[in-house]
Amino acid sequence: MFCGPRGVGKTTCARILAKTINCSNITADTEACNECESCVSFNNGQSLNIFELDAASNNSVEDIRSLVDQVRFAPASGHYKIYIIDEVHMLSSGAFNAFLKTLEEPPPYAIFILATTEKHKIIPTILSRCQIFDFNRIKVEDISKHLQQIAVKENIEADPEALHIIAQKAEGALRDALSIFDQMVTFSGNKVTYKDVINNLNVLDYEYYFRITDQILPGNISSVLLTFNELLNEGFDGHHFIAGLSGHFRDLMVAKDEITLQLLEVTEVVREKYKVQK
Ligand SMILES: [Zn+2]
């Protein structure tokens, strides 16, 4: 069972695992060869041994019964029949029960890979029959590095700051980051700038937080009000700003100590700014 938040690669990993299990010529690094009959048919989307079921839309007892019926037949070619069941927590309780017996005593050629975003909704009898792998949210830094690699491959010039904002907005889901990045490229062509990204995503420029903090520190209330007015005029929501400002204060406190500075999920340039403003 693969558990974890959406967009972190559970189904993708399930597919890679399924392909690798059935590869008849696994490489020395335990990767699928991409050349054998099984790999080729998988890559063409024609594999007869790998089945995917989306439990979000096929969650009835009948759906599971027809799956269980299929499981009875040994694979015609290859070693294993692999069933990937996505969003498994969506199965009805009747469907879960119909599934239990097969999950408990599957035929030796059957492997089930279950994926879910909500492990707590899976009944203990199912959980206890599975090996559980927890997938974590992907770090902002890792997402933005990945976007950077894509940008290079696609000949897109992208500000590190811009990619960072996209990664932040994606909240740990690479899939979301990729689709936002895609939108940005559609909008700005092969040059993705920080300004364009914050305008498009309606993100407040972090400069505002630094500036307003610089004005608060000496008690320069008039300037604070003018800056606040400026950002309201730009169409930003006051509540949104306050939430962002409190996040900024939190980051400043974290920046007080060199050791905790690494906890800030920001780019190098911004980290330097925090170091100065703390
Ligand atoms: Zn292969």
# chains A, B, ... in the order shown; residues from 1 in each chain; ligands from 1

$ select_by_dssp --residues "stretch 1-176 of chain A" --states "strand (DSSP E)" --output "list of chain:residue names"
A:Phe2, A:Cys3, A:Ile50, A:Phe51, A:Glu52, A:Leu53, A:Asp54, A:Lys81, A:Ile82, A:Tyr83, A:Ile84, A:Ile85, A:Asp86, A:Ala110, A:Ile111, A:Phe112, A:Ile113, A:Leu114, A:Ala115, A:Thr116, A:Phe133, A:Asp134, A:Glu157, A:Ala158

$ write_last_selection --atoms "C-alpha atoms" --output "JSON list (two decimals), in the first residue's frame"
[["chain", "number", "residue", "atom", "x", "y", "z"],
["A", 2, "PHE", "CA", 1.32, 3.39, -1.05],
["A", 3, "CYS", "CA", 0.05, 6.20, 1.17],
["A", 50, "ILE", "CA", -1.15, -4.94, -15.40],
["A", 51, "PHE", "CA", -4.58, -3.66, -14.47],
["A", 52, "GLU", "CA", -5.56, -0.32, -13.06],
["A", 53, "LEU", "CA", -8.73, 0.32, -11.20],
["A", 54, "ASP", "CA", -9.76, 3.76, -10.00],
["A", 81, "LYS", "CA", -0.74, -10.20, -12.79],
["A", 82, "ILE", "CA", -0.56, -6.86, -11.07],
["A", 83, "TYR", "CA", -3.56, -4.89, -9.93],
["A", 84, "ILE", "CA", -3.14, -1.23, -9.14],
["A", 85, "ILE", "CA", -6.08, 0.11, -7.19],
["A", 86, "ASP", "CA", -6.01, 3.87, -6.89],
["A", 110, "ALA", "CA", -1.28, -11.96, -8.21],
["A", 111, "ILE", "CA", 0.11, -8.76, -6.72],
["A", 112, "PHE", "CA", -2.00, -5.87, -5.53],
["A", 113, "ILE", "CA", -0.67, -2.36, -5.27],
["A", 114, "LEU", "CA", -3.09, -0.14, -3.42],
["A", 115, "ALA", "CA", -2.72, 3.63, -3.39],
["A", 116, "THR", "CA", -4.47, 6.08, -1.12],
["A", 133, "PHE", "CA", 4.97, 2.61, 2.25],
["A", 134, "ASP", "CA", 4.49, 6.24, 3.23],
["A", 157, "GLU", "CA", 15.02, 30.65, -19.20],
["A", 158, "ALA", "CA", 13.54, 30.68, -15.71]]

$ residues_near_ligand --ligand "ligand 1" --cutoff "12 Å" --atoms "only C-alpha atoms and all ligand atoms" --output "VMD selection string"
chain A and resid 16 to 27 30 to 43 47 78

$ residues_around --residues "A:Gly7" --least-positions-apart "2" --cutoff "6 Å" --atoms "only C-alpha atoms" --output "PDB file with C-alpha atoms, in the first residue's frame"
ATOM      1  CA  GLY A   9       3.964  10.056  -7.350  1.00  0.00           C
ATOM      2  CA  ALA A 173       2.686  18.128  -5.091  1.00  0.00           C
ATOM      3  CA  LEU A 174       4.982  17.822  -8.077  1.00  0.00           C
ATOM      4  CA  ARG A 175       2.063  17.251 -10.415  1.00  0.00           C
TER       5      ARG A 175
END

$ residues_around --residues "stretch 164-167 of chain A" --least-positions-apart "2" --cutoff "7 Å" --atoms "only C-alpha atoms" --output "ChimeraX atom specification"
/A:140,143-144,160-162,169-171,177,180-181,267

$ select_by_dssp --residues "stretch 44-201 of chain A" --states "alpha helix (DSSP H)" --output "PyMOL selection string"
chain A and resi 61-71+93-104+124-127+140-153+160-169+174-188+194-201

$ closest_residue --among "A:Leu217, A:Leu100, A:Ala95, A:Val185" --to "A:Arg129" --atoms "only C-alpha atoms"
A:Leu100

$ residues_around --residues "A:Lys273" --least-positions-apart "6" --cutoff "10 Å" --atoms "only C-alpha atoms" --output "ChimeraX atom specification"
/A:207,210,252,255

$ atom_distance --atom1 "atom CA of A:Asp63" --atom2 "atom CA of A:Lys101"
15.2 Å
